Structure formats: structure tokens, C-alpha cells
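Asks: Enclosed is the structure file upload.cif (mmCIF, C-alpha atoms).
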```cif
data_work
#
loop_
_atom_site.group_PDB
_atom_site.id
_atom_site.type_symbol
_atom_site.label_atom_id
_atom_site.label_comp_id
_atom_site.auth_asym_id
_atom_site.auth_seq_id
_atom_site.Cartn_x
_atom_site.Cartn_y
_atom_site.Cartn_z
ATOM 1 C CA ILE H 24 43.107 -168.844 165.008
ATOM 2 C CA GLU H 25 42.402 -165.575 166.755
ATOM 3 C CA CYS H 26 45.420 -163.719 168.090
ATOM 4 C CA SER H 27 44.411 -160.222 169.134
ATOM 5 C CA GLY H 28 42.032 -158.285 171.351
ATOM 6 C CA SER H 29 40.977 -158.684 174.966
ATOM 7 C CA GLY H 30 38.133 -159.737 177.237
ATOM 8 C CA ASN H 31 37.444 -159.752 180.957
ATOM 9 C CA GLY H 32 38.454 -162.308 183.574
ATOM 10 C CA ASP H 33 38.265 -162.869 187.309
ATOM 11 C CA ASP H 34 41.449 -163.259 189.324
ATOM 12 C CA ASN H 35 40.663 -166.014 191.807
ATOM 13 C CA GLY H 36 44.257 -167.025 192.514
ATOM 14 C CA ASP H 37 46.053 -165.878 195.637
ATOM 15 C CA LEU H 38 49.623 -164.988 194.687
ATOM 16 C CA ASP H 39 51.273 -163.415 197.700
ATOM 17 C CA GLU H 40 54.897 -163.485 196.544
ATOM 18 C CA ASP H 41 56.498 -161.242 193.928
ATOM 19 C CA ILE H 42 58.481 -163.364 191.469
ATOM 20 C CA GLY H 43 60.939 -162.144 188.847
ATOM 21 C CA ASN H 44 62.040 -158.742 187.694
ATOM 22 C CA ILE H 45 61.686 -156.766 184.499
ATOM 23 C CA VAL H 46 64.510 -157.952 182.237
ATOM 24 C CA ALA H 47 65.390 -155.014 180.016
ATOM 25 C CA GLY H 48 65.561 -155.428 176.258
ATOM 26 C CA ASP H 49 63.987 -154.438 172.952
ATOM 27 C CA TYR H 50 61.935 -157.637 173.068
ATOM 28 C CA ARG H 51 59.575 -155.981 175.562
ATOM 29 C CA ASN H 52 58.284 -153.828 172.714
ATOM 30 C CA TRP H 53 57.856 -156.632 170.160
ATOM 31 C CA CYS H 54 54.312 -156.944 168.843
ATOM 32 C CA GLN H 55 52.968 -159.400 166.290
ATOM 33 C CA ASP H 56 51.218 -156.480 164.591
ATOM 34 C CA ASP H 57 54.325 -154.282 164.382
ATOM 35 C CA PRO H 58 54.431 -152.644 160.904
ATOM 36 C CA ARG H 59 57.999 -153.919 160.460
ATOM 37 C CA TRP H 60 56.743 -157.509 160.087
ATOM 38 C CA ASN H 61 52.975 -157.744 160.500
ATOM 39 C CA ASN H 62 52.500 -158.549 156.787
ATOM 40 C CA ASN H 63 55.240 -161.220 156.692
ATOM 41 C CA ARG H 64 53.939 -164.659 155.780
ATOM 42 C CA LEU H 65 53.670 -167.224 158.586
ATOM 43 C CA GLY H 66 53.471 -170.978 158.028
ATOM 44 C CA THR H 67 53.083 -173.293 155.065
ATOM 45 C CA GLY H 68 49.306 -173.755 154.975
ATOM 46 C CA ASP H 69 46.546 -171.324 154.057
ATOM 47 C CA TYR H 70 48.028 -167.870 153.648
ATOM 48 C CA THR H 71 48.341 -165.942 156.893
ATOM 49 C CA THR H 72 50.709 -163.420 158.426
ATOM 50 C CA ILE H 73 52.529 -162.666 161.650
ATOM 51 C CA GLY H 74 50.084 -159.845 162.294
ATOM 52 C CA GLU H 75 47.074 -162.133 161.931
ATOM 53 C CA ASN H 76 48.286 -165.313 163.629
ATOM 54 C CA GLY H 77 51.734 -164.663 165.048
ATOM 55 C CA CYS H 78 50.890 -164.591 168.759
ATOM 56 C CA THR H 79 52.615 -167.904 169.535
ATOM 57 C CA SER H 80 55.678 -167.157 167.421
ATOM 58 C CA THR H 81 56.066 -163.661 168.886
ATOM 59 C CA SER H 82 55.648 -164.945 172.444
ATOM 60 C CA VAL H 83 58.333 -167.584 171.868
ATOM 61 C CA ALA H 84 60.631 -164.980 170.318
ATOM 62 C CA MET H 85 60.162 -162.752 173.378
ATOM 63 C CA ALA H 86 60.920 -165.677 175.711
ATOM 64 C CA ILE H 87 64.133 -166.524 173.859
ATOM 65 C CA ALA H 88 65.243 -162.884 173.872
ATOM 66 C CA LYS H 89 64.394 -162.518 177.559
ATOM 67 C CA SER H 90 66.575 -165.541 178.362
ATOM 68 C CA LYS H 91 69.603 -163.703 176.924
ATOM 69 C CA VAL H 92 70.691 -166.953 175.240
ATOM 70 C CA SER H 93 72.198 -166.315 171.807
ATOM 71 C CA THR H 94 70.792 -167.877 168.646
ATOM 72 C CA LYS H 95 72.101 -168.869 165.227
ATOM 73 C CA LEU H 96 69.934 -166.191 163.593
ATOM 74 C CA LYS H 97 71.309 -162.787 162.708
ATOM 75 C CA ASN H 98 69.289 -159.904 164.195
ATOM 76 C CA PHE H 99 66.936 -162.208 166.141
ATOM 77 C CA ASN H 100 63.326 -160.988 166.350
ATOM 78 C CA PRO H 101 59.838 -162.357 165.515
ATOM 79 C CA ALA H 102 60.391 -161.836 161.785
ATOM 80 C CA THR H 103 63.700 -163.710 161.608
ATOM 81 C CA LEU H 104 62.317 -166.510 163.794
ATOM 82 C CA VAL H 105 59.212 -166.937 161.619
ATOM 83 C CA ASN H 106 61.273 -166.797 158.419
ATOM 84 C CA TRP H 107 63.527 -169.589 159.714
ATOM 85 C CA MET H 108 60.557 -171.632 160.969
ATOM 86 C CA ASN H 109 58.844 -171.297 157.565
ATOM 87 C CA LYS H 110 61.876 -172.795 155.832
ATOM 88 C CA ASN H 111 62.689 -175.524 158.350
ATOM 89 C CA GLY H 112 59.483 -177.361 159.161
ATOM 90 C CA GLY H 113 58.530 -175.094 162.024
ATOM 91 C CA TYR H 114 54.821 -175.022 161.137
ATOM 92 C CA ILE H 115 52.584 -178.008 160.424
ATOM 93 C CA GLY H 116 48.960 -179.012 160.061
ATOM 94 C CA TYR H 117 46.906 -182.200 160.263
ATOM 95 C CA ASP H 118 44.509 -183.770 157.781
ATOM 96 C CA ALA H 119 41.249 -185.551 158.630
ATOM 97 C CA ASN H 120 43.197 -188.725 159.423
ATOM 98 C CA ASN H 121 45.600 -186.883 161.731
ATOM 99 C CA ASN H 122 48.476 -187.123 159.262
ATOM 100 C CA ILE H 123 50.967 -184.256 159.313
ATOM 101 C CA ILE H 124 50.629 -181.877 156.375
ATOM 102 C CA ASN H 125 51.613 -178.293 155.572
ATOM 103 C CA GLY H 126 50.002 -175.847 157.958
ATOM 104 C CA ASN H 127 50.369 -172.930 160.351
ATOM 105 C CA LEU H 128 50.584 -174.653 163.748
ATOM 106 C CA PHE H 129 53.752 -173.812 165.683
ATOM 107 C CA VAL H 130 56.090 -176.772 166.304
ATOM 108 C CA TRP H 131 57.110 -176.092 169.894
ATOM 109 C CA GLY H 132 60.318 -178.115 169.866
ATOM 110 C CA LYS H 133 61.728 -176.626 166.658
ATOM 111 C CA PRO H 134 63.489 -173.560 168.163
ATOM 112 C CA ALA H 135 65.921 -175.961 169.877
ATOM 113 C CA GLU H 136 67.754 -176.057 166.532
ATOM 114 C CA ILE H 137 68.636 -172.357 166.640
ATOM 115 C CA ILE H 138 69.446 -171.975 170.342
ATOM 116 C CA ASN H 139 73.092 -171.795 171.374
ATOM 117 C CA GLY H 140 72.302 -173.656 174.566
ATOM 118 C CA SER H 141 69.462 -175.865 175.759
ATOM 119 C CA TYR H 142 65.762 -175.576 174.972
ATOM 120 C CA SER H 143 62.805 -177.661 176.088
ATOM 121 C CA SER H 144 59.009 -177.348 175.946
ATOM 122 C CA ASN H 145 56.348 -178.980 178.122
ATOM 123 C CA ARG H 146 52.591 -178.513 177.805
ATOM 124 C CA THR H 147 50.099 -178.596 180.698
ATOM 125 C CA GLU H 148 46.341 -178.318 180.168
ATOM 126 C CA PHE H 149 44.160 -176.536 182.724
ATOM 127 C CA ILE H 150 40.949 -177.046 180.753
ATOM 128 C CA ASP H 151 40.474 -179.928 178.313
ATOM 129 C CA LYS H 152 39.165 -179.786 174.757
ATOM 130 C CA GLN H 153 35.596 -180.365 175.946
ATOM 131 C CA GLY H 154 35.780 -177.365 178.278
ATOM 132 C CA ASN H 155 36.162 -179.389 181.506
ATOM 133 C CA GLU H 156 38.418 -177.910 184.204
ATOM 134 C CA LEU H 157 41.440 -180.042 185.075
ATOM 135 C CA MET H 158 42.626 -177.354 187.506
ATOM 136 C CA THR H 159 40.797 -174.331 188.881
ATOM 137 C CA GLN H 160 41.845 -170.969 187.457
ATOM 138 C CA GLY H 161 43.474 -170.153 190.787
ATOM 139 C CA GLN H 162 45.493 -173.373 190.641
ATOM 140 C CA ALA H 163 46.461 -172.560 187.068
ATOM 141 C CA LYS H 164 47.835 -169.180 188.121
ATOM 142 C CA LYS H 165 49.783 -170.755 190.974
ATOM 143 C CA PHE H 166 51.193 -173.339 188.554
ATOM 144 C CA ILE H 167 52.351 -170.594 186.188
ATOM 145 C CA ALA H 168 53.832 -168.610 189.078
ATOM 146 C CA GLY H 169 55.755 -171.713 190.142
ATOM 147 C CA GLN H 170 57.281 -172.046 186.685
ATOM 148 C CA LEU H 171 58.391 -168.407 186.801
ATOM 149 C CA LYS H 172 59.927 -169.004 190.235
ATOM 150 C CA ASN H 173 61.916 -171.883 188.726
ATOM 151 C CA GLY H 174 63.374 -169.563 186.077
ATOM 152 C CA LEU H 175 61.278 -170.948 183.235
ATOM 153 C CA TYR H 176 59.312 -169.198 180.478
ATOM 154 C CA PRO H 177 55.555 -169.940 180.422
ATOM 155 C CA ILE H 178 53.716 -169.293 177.168
ATOM 156 C CA VAL H 179 50.065 -169.191 178.225
ATOM 157 C CA GLY H 180 47.123 -170.140 176.024
ATOM 158 C CA VAL H 181 44.086 -168.030 176.889
ATOM 159 C CA SER H 182 40.504 -167.512 175.755
ATOM 160 C CA ARG H 183 39.005 -164.048 175.793
ATOM 161 C CA TYR H 184 35.333 -164.997 175.811
ATOM 162 C CA GLY H 185 35.040 -168.790 175.506
ATOM 163 C CA ASP H 186 35.435 -171.782 177.825
ATOM 164 C CA CYS H 187 38.619 -173.168 176.184
ATOM 165 C CA SER H 188 36.708 -175.962 174.433
ATOM 166 C CA GLU H 189 37.455 -176.762 170.802
ATOM 167 C CA LYS H 190 33.875 -175.746 169.984
ATOM 168 C CA GLN H 191 34.649 -172.208 171.238
ATOM 169 C CA GLY H 192 38.083 -171.876 169.686
ATOM 170 C CA ARG H 193 40.292 -173.514 172.327
ATOM 171 C CA SER H 194 43.243 -171.194 173.127
ATOM 172 C CA GLY H 195 42.534 -168.325 170.780
ATOM 173 C CA HIS H 196 45.557 -166.344 171.914
ATOM 174 C CA TRP H 197 49.009 -166.944 173.449
ATOM 175 C CA VAL H 198 50.969 -164.603 175.717
ATOM 176 C CA LEU H 199 54.272 -164.704 177.618
ATOM 177 C CA ALA H 200 53.984 -164.746 181.408
ATOM 178 C CA ASP H 201 56.684 -162.330 182.551
ATOM 179 C CA ARG H 202 56.620 -162.066 186.356
ATOM 180 C CA VAL H 203 54.394 -161.928 189.445
ATOM 181 C CA GLN H 204 53.855 -158.495 190.941
ATOM 182 C CA ASN H 205 51.360 -157.310 193.559
ATOM 183 C CA GLY H 206 49.452 -160.575 193.426
ATOM 184 C CA GLU H 207 49.026 -160.659 189.645
ATOM 185 C CA ILE H 208 50.780 -162.460 186.819
ATOM 186 C CA LYS H 209 52.176 -159.784 184.547
ATOM 187 C CA ILE H 210 52.339 -160.698 180.879
ATOM 188 C CA LEU H 211 53.854 -159.577 177.614
ATOM 189 C CA ASP H 212 50.939 -159.729 175.189
ATOM 190 C CA PRO H 213 52.107 -159.913 171.545
ATOM 191 C CA ALA H 214 48.889 -158.269 170.318
ATOM 192 C CA CYS H 215 50.121 -154.915 171.465
ATOM 193 C CA TYR H 216 50.750 -152.374 168.717
ATOM 194 C CA GLY H 217 49.042 -149.280 170.081
ATOM 195 C CA GLY H 218 48.572 -150.701 173.577
ATOM 196 C CA ARG H 219 49.367 -153.889 175.497
ATOM 197 C CA ASN H 220 47.358 -156.003 177.947
ATOM 198 C CA GLU H 221 49.402 -156.324 181.127
ATOM 199 C CA THR H 222 47.871 -159.129 183.241
ATOM 200 C CA LEU H 223 46.177 -162.491 182.819
ATOM 201 C CA THR H 224 43.024 -161.017 184.375
ATOM 202 C CA THR H 225 42.388 -159.401 180.982
ATOM 203 C CA PHE H 226 41.245 -162.770 179.638
ATOM 204 C CA ASN H 227 38.204 -164.880 180.415
ATOM 205 C CA LYS H 228 39.973 -168.228 180.850
ATOM 206 C CA ILE H 229 43.489 -169.624 181.167
ATOM 207 C CA CYS H 230 43.317 -172.765 179.027
ATOM 208 C CA GLU H 231 46.825 -174.237 178.994
ATOM 209 C CA VAL H 232 50.512 -173.418 179.170
ATOM 210 C CA VAL H 233 53.626 -174.478 177.301
ATOM 211 C CA VAL H 234 56.609 -173.978 179.578
ATOM 212 C CA LEU H 235 59.920 -173.294 177.876
ATOM 213 C CA GLY H 236 63.235 -174.100 179.491
ATOM 214 C CA ILE H 237 65.939 -171.961 177.881
ATOM 215 C CA LYS H 238 69.517 -171.659 179.089
#
```
What does the file become when written as C-alpha cells?
Replies:
Amino acid sequence: IECSGSGNGDDNGDLDEDIGNIVAGDYRNWCQDDPRWNNNRLGTGDYTTIGENGCTSTSVAMAIAKSKVSTKLKNFNPATLVNWMNKNGGYIGYDANNNIINGNLFVWGKPAEIINGSYSSNRTEFIDKQGNELMTQGQAKKFIAGQLKNGLYPIVGVSRYGDCSEKQGRSGHWVLADRVQNGEIKILDPACYGGRNETLTTFNKICEVVVLGIK
């Protein structure tokens, strides 16, 4: 799974309404490749780290912190979230027969167990596993903007160079959609140590979104 870098994309969505504000907090500076935790192990499958494959986990951590909802973890950040997920079935894999085994795939519903409040996750695909568009990219951006308007937290799966098909790596990277400003969806990109991508236009394709409800 690829979780860093950038590509180029075309913004073909018309977003004429600013949505959301910058919610202050240390979380805005969290990066998966931060030296404080980039070498920490992630998952229960083949050895990998937060720095290598922690884009989803870091994006979820940023969403939870942005919500201002407290958690059961002391000093909540990407490292403490991943450590808890490692120990509590928060990462899985699948064998050739689709049976669940140890692995490094993020279990989206698991953070509900540490939230002092409510937590939900819902996935929507914009492009299927064969690379076929289920929504245009403009419709995808409007969908994400609508979730932000409803006070939700969209974690967006993007492809830098591919078409979102499994053959080309599906969603190779995940980012947190933060707000809409001046017609663009502003993001918090977890692959950011030394510089952060700021909009979805950085990427070639928006593949899917997992929308978190946290309150």
C-alpha cells in the first residue's frame, strides 16, 4: 500500500460555497512520517510502520482529534491509536478464500471502542475496483462537500497516478477532507513531514470515501 507522495489532478467540480472553518489543534501538524512515530510498527501482518503505511490511521486520528471528542487513550495521537489498534484487532487481512487473518488493513469500525461518545463509518465508492466511474469526479467532490456541510469527517481514498482499479493499486493513499474554501476541498494529508498537500486537486483520481460520524 502506497501512502506518500503526490500527483496531478483536474478539478472539475463546481463548489461555490465555503464550508467549515479551520479547527485549531496540534492534530493539524500530525504526519504519518513524523520522526516521533514513523518507525512504530503498524498492524499484525507483514512488518510495516506508521511512516510507510499509516495514512489511514493518521487520517482517522486527525478526524477524531478535530471532533474534540475525548477518547479512552492517554495522550491521543497517531502513535497511541495505532498501538491500541495493534493490540485490539484493529488491523486484519484476508487469505485467498477471503477468510480473515492477521494483516495491516484498518478496521474502520474499531475506533468506536475508544470514543467517549458516538462513532460511525460509512463507505461510498466513486470508482469501482475495475476502474469504472460510479460518479464523475465533480459529483464525488460535491458528495464530499455535502458530508462536510453535515458536520461529518470524510476520509478520502485517492490515487496519484492510477485509475483507482485494483490492477493499478486502488486507493493508494488516504487523506482527511477538512473544509471547502474558494471552490476547493482543502485536505489534511498525513504524508506531510517537510511539506503537506493542501487540496484534492493534487491527486489524479478520487476513488472512494469513508465518512466518519463522531460526536
Asks: Considering all atoms listed in the file, tabulate each residue of range 117-211 of chain H that lies at most 10 Å from range 61-70 of chain H along with its nearest interatomic pair and the corresponding distance in Å to one decimal; arrange the rows by chain and ascending residue number and present them as a tab-separated table.
Replies:
```
residue	atom	partner	partner_atom	distance
H:Ile124	CA	H:Gly68	CA	8.3
H:Asn125	CA	H:Gly68	CA	5.1
H:Gly126	CA	H:Gly68	CA	3.7
H:Asn127	CA	H:Gly66	CA	4.3
H:Leu128	CA	H:Gly66	CA	7.4
H:Phe129	CA	H:Gly66	CA	8.2
```
Asks: What's the separation between CA of Ser194 in chain H and CA of Tyr117 in chain H, in Å to one decimal place?
Replies: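 About the pair CA of Ser194 in chain H and CA of Tyr117 in chain H: they are 17.3 Å apart.
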Asks: Any idea what the distance is between CA of Ile115 in chain H and CA of Gly132 in chain H?
Replies: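 Going from CA of Ile115 in chain H over to CA of Gly132 in chain H covers 12.2 Å.
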Asks: When the PyMOL selection byres ((chain H and resi 235) around 12) is applied to the structure above, which residues does it catch, written out as a PDB file with C-alpha atoms, in the frame of the given file?
Replies:
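File expr.pdb, as written:
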```pdb
ATOM      1  CA  SER H  82      55.648-164.945 172.444  1.00  0.00           C
ATOM      2  CA  VAL H  83      58.333-167.584 171.868  1.00  0.00           C
ATOM      3  CA  ALA H  84      60.631-164.980 170.318  1.00  0.00           C
ATOM      4  CA  MET H  85      60.162-162.752 173.378  1.00  0.00           C
ATOM      5  CA  ALA H  86      60.920-165.677 175.711  1.00  0.00           C
ATOM      6  CA  ILE H  87      64.133-166.524 173.859  1.00  0.00           C
ATOM      7  CA  LYS H  89      64.394-162.518 177.559  1.00  0.00           C
ATOM      8  CA  SER H  90      66.575-165.541 178.362  1.00  0.00           C
ATOM      9  CA  TRP H 131      57.110-176.092 169.894  1.00  0.00           C
ATOM     10  CA  GLY H 132      60.318-178.115 169.866  1.00  0.00           C
ATOM     11  CA  LYS H 133      61.728-176.626 166.658  1.00  0.00           C
ATOM     12  CA  PRO H 134      63.489-173.560 168.163  1.00  0.00           C
ATOM     13  CA  ALA H 135      65.921-175.961 169.877  1.00  0.00           C
ATOM     14  CA  SER H 141      69.462-175.865 175.759  1.00  0.00           C
ATOM     15  CA  TYR H 142      65.762-175.576 174.972  1.00  0.00           C
ATOM     16  CA  SER H 143      62.805-177.661 176.088  1.00  0.00           C
ATOM     17  CA  SER H 144      59.009-177.348 175.946  1.00  0.00           C
ATOM     18  CA  ASN H 145      56.348-178.980 178.122  1.00  0.00           C
ATOM     19  CA  ARG H 146      52.591-178.513 177.805  1.00  0.00           C
ATOM     20  CA  THR H 147      50.099-178.596 180.698  1.00  0.00           C
ATOM     21  CA  ILE H 167      52.351-170.594 186.188  1.00  0.00           C
ATOM     22  CA  GLN H 170      57.281-172.046 186.685  1.00  0.00           C
ATOM     23  CA  LEU H 171      58.391-168.407 186.801  1.00  0.00           C
ATOM     24  CA  ASN H 173      61.916-171.883 188.726  1.00  0.00           C
ATOM     25  CA  GLY H 174      63.374-169.563 186.077  1.00  0.00           C
ATOM     26  CA  LEU H 175      61.278-170.948 183.235  1.00  0.00           C
ATOM     27  CA  TYR H 176      59.312-169.198 180.478  1.00  0.00           C
ATOM     28  CA  PRO H 177      55.555-169.940 180.422  1.00  0.00           C
ATOM     29  CA  ILE H 178      53.716-169.293 177.168  1.00  0.00           C
ATOM     30  CA  VAL H 179      50.065-169.191 178.225  1.00  0.00           C
ATOM     31  CA  LEU H 199      54.272-164.704 177.618  1.00  0.00           C
ATOM     32  CA  ALA H 200      53.984-164.746 181.408  1.00  0.00           C
ATOM     33  CA  VAL H 232      50.512-173.418 179.170  1.00  0.00           C
ATOM     34  CA  VAL H 233      53.626-174.478 177.301  1.00  0.00           C
ATOM     35  CA  VAL H 234      56.609-173.978 179.578  1.00  0.00           C
ATOM     36  CA  GLY H 236      63.235-174.100 179.491  1.00  0.00           C
ATOM     37  CA  ILE H 237      65.939-171.961 177.881  1.00  0.00           C
ATOM     38  CA  LYS H 238      69.517-171.659 179.089  1.00  0.00           C
TER      39      LYS H 238
END
```
Asks: Go through the shown structure with the PyMOL selection byres ((chain H and resi 182-190) around 9) and write out the matching residues as JSON, numbers by chain.
Replies: {"H": [28, 29, 30, 31, 32, 150, 151, 152, 153, 154, 155, 180, 181, 191, 192, 193, 194, 195, 196, 197, 225, 226, 227, 228, 229, 230, 231]}
Asks: Please compute the CA of Val92 in chain H-CA of Lys165 in chain H distance, one decimal, in Å.
Replies: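 Distance reported for this atom pair: 26.4 Å.
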Asks: Return the single residue from H:Ala102, H:Tyr114, H:Lys91, H:Glu136 that is closest to Val46 in chain H, with distances computed using all atoms listed in the file.
Replies: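 Among the listed residues, H:Lys91 lies closest to Val46 in chain H.
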Asks: With distances taken over only C-alpha atoms, which residue among H:Gly116, H:Thr103, H:Ala214, H:Glu156 lies nearest Glu75 in chain H?
Replies: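 Counting only C-alpha atoms, the residue closest to Glu75 in chain H is H:Ala214.
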Asks: Quick one: of H:Gln204, H:Thr159, H:Thr81, H:Asn44, who's nearest to Trp60 in chain H, counting all atoms listed in the file?
Replies: H:Thr81
Asks: Using the file's own x, y and z axes, what box holds all listed atoms of range 140-154 of chain H with 4 Å on each side, keeping edges along x, y and z, and what are its centre and edge lengths in Å to one decimal, as JSON?
Replies:
```
{"center_x": 53.9, "center_y": -177.0, "center_z": 178.6, "size_x": 44.7, "size_y": 14.7, "size_z": 16.2}
```
Asks: Which residue out of H:Trp107, H:Pro213, H:Gly140, H:Arg59 has the minimum interatomic distance to Asn76 in chain H when all atoms listed in the file are used?
Replies: H:Pro213
Asks: So which residues touch Pro58 in chain H within 12 Å, counting all atoms listed in the file, skipping near sequence neighbours fewer than 4 positions away, as a list in words?
Replies: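 Counting all atoms listed in the file, the residues come to Trp53, Cys54, Asn62, Asn63, Thr72, Ile73, Gly74, Ala102, Cys215, Tyr216 and Gly217 of chain H.
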